[in-house]
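Asker: Got a structure for you, questions after.
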Amino acid sequence: MAYLSFYHLKEEPFSNAPLKHFFFENEEHNRALTRLLHAAAAMKGLAILVGEVGSGKTTLARRILDELSEAEYIASLLVIVHPNVTRDWLLRKVAIQLGVEHPYEDKVPLMGQLFERLVHIQQEKKKAVVIIDEAQMLRDKEIFEEIRGMLNLETGEGKLITFIMFGLPELESAVYADQPLAQRVSMRLTLRPFDDVTTRSYIVYRMTVAGSAQHPFTEEALDAIYHYTKGIPRLINNICDNALLEGYLRKMSNIDLDLIREIALDLRLTESEQAQITQAAPSFTPAVVRPSPASTPAIAAAPYRLDFSVLAEDEPSKERADLDQIIHSLESKR
């Protein structure tokens, strides 16, 4: 970046990439981090965190994965990138991420493989955690039925797998539409935007981590950044990065209110610009390309391992029948 040397920076301070060393310790994110780590440690089954676009969900998901020690957890992070994921695809992807080698295509034998894997993990005194980011992309009702079935896998010592889902607010509608699954939500959190004080601290922190002894933003500029971004981290990054670049091009040692206003206008962050966009936006239904399940893409962490167990007795469902068949088959082989 051309502005780095001008503002005495060692690296780009406002990248939207979820970089570990830029994780900003603040009350809102620390509260969510502590509670979700508790959900994993106590094997609570299903935890949900929702937040608006740009509120820092992906950064928090990566931080949680980093905090889950490999000595204690077999953990995996899946990032869903489109809404056409199927039940079978997700089940197979979870199996691969959790260490099942050569997973079967058919559900019943695949669940048998998962069952054996989870039992083995429990014997190793580890905990299985699957983190799903952008979980609002999961639109197929059967996917949630499958997750519910996996949450029923437990022994006398407790559940064998915990899911932590991150998504936009519409994720709640999908989960709570399935009442049996909704009853298994042990923790629900909302990630709120920063307030004005936290926004200031965030900007100063990012500049400091990037190598600057002092930041170039005036007090009025900091107030304006909060006003235009409403405390949403991604928007803060966008407006600050543009301001640093423009400040460098104009050789401005201080970034002032007028420049922030100009950048906000360019980024369509002013109320008047947003109103114009809303009024001009056409009403249409976008075309959806439906790839085959085999080619359904998702971004995930490197494979980790996980373990399963037996279903709870309170679920006389198809999932229960499938796993009864699996368990009977496994027992007959021993």
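By convention in this document, the chains of the structure tokens carry letters A, B, ... by their order, each chain's residues are numbered from 1, and ligands are numbered from 1 in the order they are shown.
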What lies within 10 Å of Ala32 (chain A) using only C-alpha atoms, ignoring chain neighbours under 3 positions off, as an MDAnalysis selection string?

Answerer: chainID A and resid 27:29 35:38 49 60 64 188:191

Asker: When you look at region 9-22 of chain A with a cut-off of 10 Å (counting only C-alpha atoms), what residues show up, excluding the ones that are within fewer than 6 positions of it in the same chain? I need them as a ChimeraX atom specification.

Answerer: /A:1-3,54,56-63,66,202-213,215,233-242,244

Asker: Those selected residues, please, written with N, CA, C and O atoms and delivered as a CSV table (one decimal), in the first residue's frame.

Answerer:
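Contents of result_18.csv, freshly written:
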chain,number,residue,atom,x,y,z
A,1,MET,N,0.8,-1.2,0.0
A,1,MET,CA,0.0,0.0,0.0
A,1,MET,C,0.9,1.3,0.0
A,1,MET,O,1.8,1.4,0.8
A,2,ALA,N,0.5,2.2,-0.9
A,2,ALA,CA,1.4,3.4,-1.0
A,2,ALA,C,1.4,4.3,0.2
A,2,ALA,O,2.3,5.0,0.5
A,3,TYR,N,0.3,4.2,1.0
A,3,TYR,CA,0.2,5.2,2.1
A,3,TYR,C,1.0,4.7,3.4
A,3,TYR,O,1.1,5.4,4.4
A,54,GLY,N,-21.1,-7.5,8.3
A,54,GLY,CA,-19.9,-6.7,8.7
A,54,GLY,C,-19.7,-6.5,10.1
A,54,GLY,O,-18.9,-5.7,10.5
A,56,GLY,N,-18.5,-8.6,12.3
A,56,GLY,CA,-17.4,-9.2,12.9
A,56,GLY,C,-17.6,-10.7,13.2
A,56,GLY,O,-16.8,-11.3,13.9
A,57,LYS,N,-18.6,-11.3,12.6
A,57,LYS,CA,-18.9,-12.7,12.9
A,57,LYS,C,-17.8,-13.7,12.4
A,57,LYS,O,-17.4,-14.6,13.2
A,58,THR,N,-17.3,-13.5,11.2
A,58,THR,CA,-16.3,-14.3,10.7
A,58,THR,C,-15.0,-14.2,11.5
A,58,THR,O,-14.3,-15.2,11.8
A,59,THR,N,-14.6,-13.0,11.9
A,59,THR,CA,-13.4,-12.8,12.7
A,59,THR,C,-13.6,-13.6,14.0
A,59,THR,O,-12.6,-14.2,14.5
A,60,LEU,N,-14.8,-13.5,14.6
A,60,LEU,CA,-15.0,-14.2,15.9
A,60,LEU,C,-15.0,-15.7,15.7
A,60,LEU,O,-14.4,-16.4,16.6
A,61,ALA,N,-15.5,-16.2,14.6
A,61,ALA,CA,-15.5,-17.6,14.3
A,61,ALA,C,-14.1,-18.1,14.2
A,61,ALA,O,-13.7,-19.2,14.8
A,62,ARG,N,-13.2,-17.4,13.5
A,62,ARG,CA,-11.8,-17.8,13.4
A,62,ARG,C,-11.1,-17.8,14.8
A,62,ARG,O,-10.3,-18.6,15.1
A,63,ARG,N,-11.5,-16.8,15.6
A,63,ARG,CA,-10.8,-16.7,16.9
A,63,ARG,C,-11.2,-17.9,17.8
A,63,ARG,O,-10.4,-18.4,18.5
A,66,ASP,N,-9.3,-20.9,16.8
A,66,ASP,CA,-7.9,-20.8,17.3
A,66,ASP,C,-7.8,-21.1,18.8
A,66,ASP,O,-6.8,-21.6,19.3
A,202,TYR,N,-11.2,1.1,18.6
A,202,TYR,CA,-10.9,0.1,17.5
A,202,TYR,C,-10.0,0.7,16.5
A,202,TYR,O,-9.0,0.1,16.1
A,203,ILE,N,-10.2,2.0,16.1
A,203,ILE,CA,-9.4,2.6,15.1
A,203,ILE,C,-8.0,2.8,15.6
A,203,ILE,O,-7.0,2.5,14.9
A,204,VAL,N,-7.9,3.3,16.9
A,204,VAL,CA,-6.6,3.5,17.5
A,204,VAL,C,-5.8,2.2,17.6
A,204,VAL,O,-4.6,2.1,17.3
A,205,TYR,N,-6.5,1.1,18.0
A,205,TYR,CA,-5.9,-0.2,18.2
A,205,TYR,C,-5.3,-0.7,16.8
A,205,TYR,O,-4.2,-1.2,16.8
A,206,ARG,N,-6.2,-0.6,15.8
A,206,ARG,CA,-5.7,-1.1,14.5
A,206,ARG,C,-4.5,-0.4,14.0
A,206,ARG,O,-3.6,-1.0,13.4
A,207,MET,N,-4.5,0.9,14.2
A,207,MET,CA,-3.3,1.7,13.7
A,207,MET,C,-2.1,1.4,14.6
A,207,MET,O,-1.0,1.3,14.0
A,208,THR,N,-2.3,1.1,15.8
A,208,THR,CA,-1.1,0.8,16.7
A,208,THR,C,-0.5,-0.6,16.3
A,208,THR,O,0.7,-0.7,16.2
A,209,VAL,N,-1.4,-1.6,16.1
A,209,VAL,CA,-0.9,-2.9,15.7
A,209,VAL,C,-0.2,-2.8,14.4
A,209,VAL,O,0.8,-3.5,14.2
A,210,ALA,N,-0.7,-1.9,13.5
A,210,ALA,CA,0.0,-1.8,12.2
A,210,ALA,C,1.3,-1.0,12.2
A,210,ALA,O,2.0,-0.9,11.2
A,211,GLY,N,1.6,-0.5,13.4
A,211,GLY,CA,3.0,0.1,13.6
A,211,GLY,C,3.0,1.6,13.7
A,211,GLY,O,4.1,2.2,13.9
A,212,SER,N,1.8,2.2,13.8
A,212,SER,CA,1.8,3.7,14.0
A,212,SER,C,1.8,4.1,15.4
A,212,SER,O,1.0,3.6,16.2
A,213,ALA,N,2.7,5.0,15.8
A,213,ALA,CA,2.8,5.5,17.2
A,213,ALA,C,1.6,6.4,17.5
A,213,ALA,O,1.2,6.6,18.6
A,215,HIS,N,-2.2,8.1,15.5
A,215,HIS,CA,-3.1,8.0,14.3
A,215,HIS,C,-3.3,9.4,13.7
A,215,HIS,O,-3.2,10.4,14.5
A,233,PRO,N,-17.9,-2.9,12.1
A,233,PRO,CA,-16.4,-3.0,11.9
A,233,PRO,C,-16.0,-3.0,10.4
A,233,PRO,O,-15.0,-2.3,10.0
A,234,ARG,N,-16.8,-3.7,9.5
A,234,ARG,CA,-16.4,-3.7,8.1
A,234,ARG,C,-16.4,-2.3,7.5
A,234,ARG,O,-15.6,-2.0,6.7
A,235,LEU,N,-17.5,-1.6,7.8
A,235,LEU,CA,-17.6,-0.2,7.3
A,235,LEU,C,-16.5,0.7,7.8
A,235,LEU,O,-16.1,1.6,7.1
A,236,ILE,N,-16.2,0.5,9.1
A,236,ILE,CA,-15.1,1.3,9.7
A,236,ILE,C,-13.8,1.1,8.9
A,236,ILE,O,-13.1,2.0,8.6
A,237,ASN,N,-13.5,-0.2,8.7
A,237,ASN,CA,-12.3,-0.6,7.9
A,237,ASN,C,-12.4,0.1,6.5
A,237,ASN,O,-11.4,0.6,6.1
A,238,ASN,N,-13.5,0.0,5.9
A,238,ASN,CA,-13.6,0.6,4.5
A,238,ASN,C,-13.4,2.1,4.5
A,238,ASN,O,-12.6,2.6,3.6
A,239,ILE,N,-14.0,2.8,5.4
A,239,ILE,CA,-13.9,4.2,5.3
A,239,ILE,C,-12.5,4.7,5.8
A,239,ILE,O,-11.9,5.6,5.2
A,240,CYS,N,-11.9,4.0,6.7
A,240,CYS,CA,-10.6,4.4,7.2
A,240,CYS,C,-9.5,4.1,6.2
A,240,CYS,O,-8.6,4.9,5.9
A,241,ASP,N,-9.6,2.9,5.5
A,241,ASP,CA,-8.7,2.6,4.5
A,241,ASP,C,-8.7,3.6,3.3
A,241,ASP,O,-7.7,4.0,2.9
A,242,ASN,N,-9.9,3.9,2.9
A,242,ASN,CA,-10.0,4.9,1.8
A,242,ASN,C,-9.5,6.3,2.3
A,242,ASN,O,-8.9,7.0,1.5
A,244,LEU,N,-7.1,6.9,4.5
A,244,LEU,CA,-5.7,6.9,4.5
A,244,LEU,C,-5.1,7.0,3.1
A,244,LEU,O,-4.1,7.7,2.9

Asker: Env of Glu172 (chain A): 9 Å cut, atoms = only C-alpha atoms, seq-sep filter 2 positions within chain, self excluded. Answer as a ChimeraX atom specification.

Answerer: /A:48,50,136,167-170,174-177,182

Asker: How would the residues just chosen look if you wrote them out with all heavy atoms as a compact mmCIF listing (two decimals), in the first residue's frame?

Answerer:
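Wrote it out as part_5.txt, contents follow:
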# COMPACT_ATOMS: atom_id res chain seq x y z
N ILE A 48 -25.92 -20.46 18.81
CA ILE A 48 -26.16 -19.62 17.64
C ILE A 48 -25.74 -18.19 17.95
O ILE A 48 -26.09 -17.64 19.01
CB ILE A 48 -27.65 -19.63 17.23
CG1 ILE A 48 -28.06 -21.02 16.76
CG2 ILE A 48 -27.92 -18.61 16.14
CD1 ILE A 48 -29.54 -21.12 16.45
N VAL A 50 -25.88 -14.45 15.94
CA VAL A 50 -26.32 -13.72 14.76
C VAL A 50 -25.84 -12.27 14.84
O VAL A 50 -25.59 -11.75 15.92
CB VAL A 50 -27.87 -13.75 14.60
CG1 VAL A 50 -28.36 -15.17 14.43
CG2 VAL A 50 -28.55 -13.10 15.80
N GLN A 136 -26.72 -18.84 7.58
CA GLN A 136 -28.02 -18.46 7.00
C GLN A 136 -28.16 -18.96 5.58
O GLN A 136 -29.26 -18.99 5.03
CB GLN A 136 -28.21 -16.94 7.05
CG GLN A 136 -27.47 -16.16 5.98
CD GLN A 136 -25.99 -15.95 6.30
OE1 GLN A 136 -25.56 -16.24 7.42
NE2 GLN A 136 -25.22 -15.44 5.34
N GLY A 167 -24.33 -16.47 11.72
CA GLY A 167 -25.07 -16.07 10.52
C GLY A 167 -25.80 -14.76 10.68
O GLY A 167 -25.81 -14.14 11.76
N LEU A 168 -26.41 -14.32 9.60
CA LEU A 168 -27.26 -13.14 9.62
C LEU A 168 -28.53 -13.43 10.41
O LEU A 168 -28.85 -14.60 10.68
CB LEU A 168 -27.60 -12.73 8.18
CG LEU A 168 -26.41 -12.32 7.30
CD1 LEU A 168 -26.87 -12.04 5.88
CD2 LEU A 168 -25.71 -11.10 7.88
N PRO A 169 -29.28 -12.41 10.79
CA PRO A 169 -30.47 -12.63 11.63
C PRO A 169 -31.47 -13.64 11.07
O PRO A 169 -32.17 -14.31 11.84
CB PRO A 169 -31.08 -11.23 11.72
CG PRO A 169 -29.91 -10.31 11.64
CD PRO A 169 -28.99 -10.96 10.64
N GLU A 170 -31.52 -13.80 9.74
CA GLU A 170 -32.48 -14.76 9.19
C GLU A 170 -32.16 -16.21 9.55
O GLU A 170 -33.00 -17.10 9.37
CB GLU A 170 -32.59 -14.61 7.67
CG GLU A 170 -31.29 -14.66 6.91
CD GLU A 170 -30.78 -13.28 6.55
OE1 GLU A 170 -30.93 -12.34 7.39
OE2 GLU A 170 -30.22 -13.13 5.45
N ALA A 174 -34.82 -19.79 10.28
CA ALA A 174 -34.66 -21.15 9.77
C ALA A 174 -34.58 -22.16 10.91
O ALA A 174 -35.18 -23.23 10.87
CB ALA A 174 -33.42 -21.25 8.89
N VAL A 175 -33.82 -21.82 11.95
CA VAL A 175 -33.65 -22.74 13.08
C VAL A 175 -34.95 -22.88 13.86
O VAL A 175 -35.39 -24.00 14.18
CB VAL A 175 -32.53 -22.26 14.00
CG1 VAL A 175 -32.50 -23.07 15.30
CG2 VAL A 175 -31.18 -22.36 13.30
N TYR A 176 -35.60 -21.76 14.14
CA TYR A 176 -36.80 -21.81 14.98
C TYR A 176 -38.03 -22.28 14.22
O TYR A 176 -39.08 -22.53 14.82
CB TYR A 176 -37.03 -20.46 15.64
CG TYR A 176 -36.08 -20.22 16.79
CD1 TYR A 176 -34.84 -19.62 16.59
CD2 TYR A 176 -36.40 -20.66 18.07
CE1 TYR A 176 -33.95 -19.42 17.64
CE2 TYR A 176 -35.52 -20.47 19.13
CZ TYR A 176 -34.30 -19.85 18.91
OH TYR A 176 -33.42 -19.68 19.95
N ALA A 177 -37.92 -22.42 12.91
CA ALA A 177 -39.01 -23.03 12.14
C ALA A 177 -39.08 -24.53 12.42
O ALA A 177 -40.12 -25.16 12.19
CB ALA A 177 -38.81 -22.78 10.65
N ALA A 182 -35.17 -26.10 17.57
CA ALA A 182 -35.17 -24.88 18.38
C ALA A 182 -35.04 -25.21 19.86
O ALA A 182 -34.39 -24.47 20.62
CB ALA A 182 -36.45 -24.09 18.13

Asker: Which residues are near region 127-135 of chain A? Cut-off 6 Å, only C-alpha atoms, ignore same chain within fewer than 2 positions. Put them as a VMD selection string.

Answerer: chain A and resid 73 to 80 137 to 138 161 to 167 306

Asker: Using DSSP assignments from the backbone, pull out every residue in region 85-265 of chain A that falls under alpha helix (DSSP H) and give it to me as a VMD selection string.

Answerer: chain A and resid 87 to 97 107 to 123 141 to 151 170 to 176 179 to 182 196 to 209 219 to 229 233 to 249 257 to 265

Asker: Just the number, please: distance in Å from CA of Leu118 (chain A) to CA of Val94 (chain A), one decimal.

Answerer: 11.9 Å
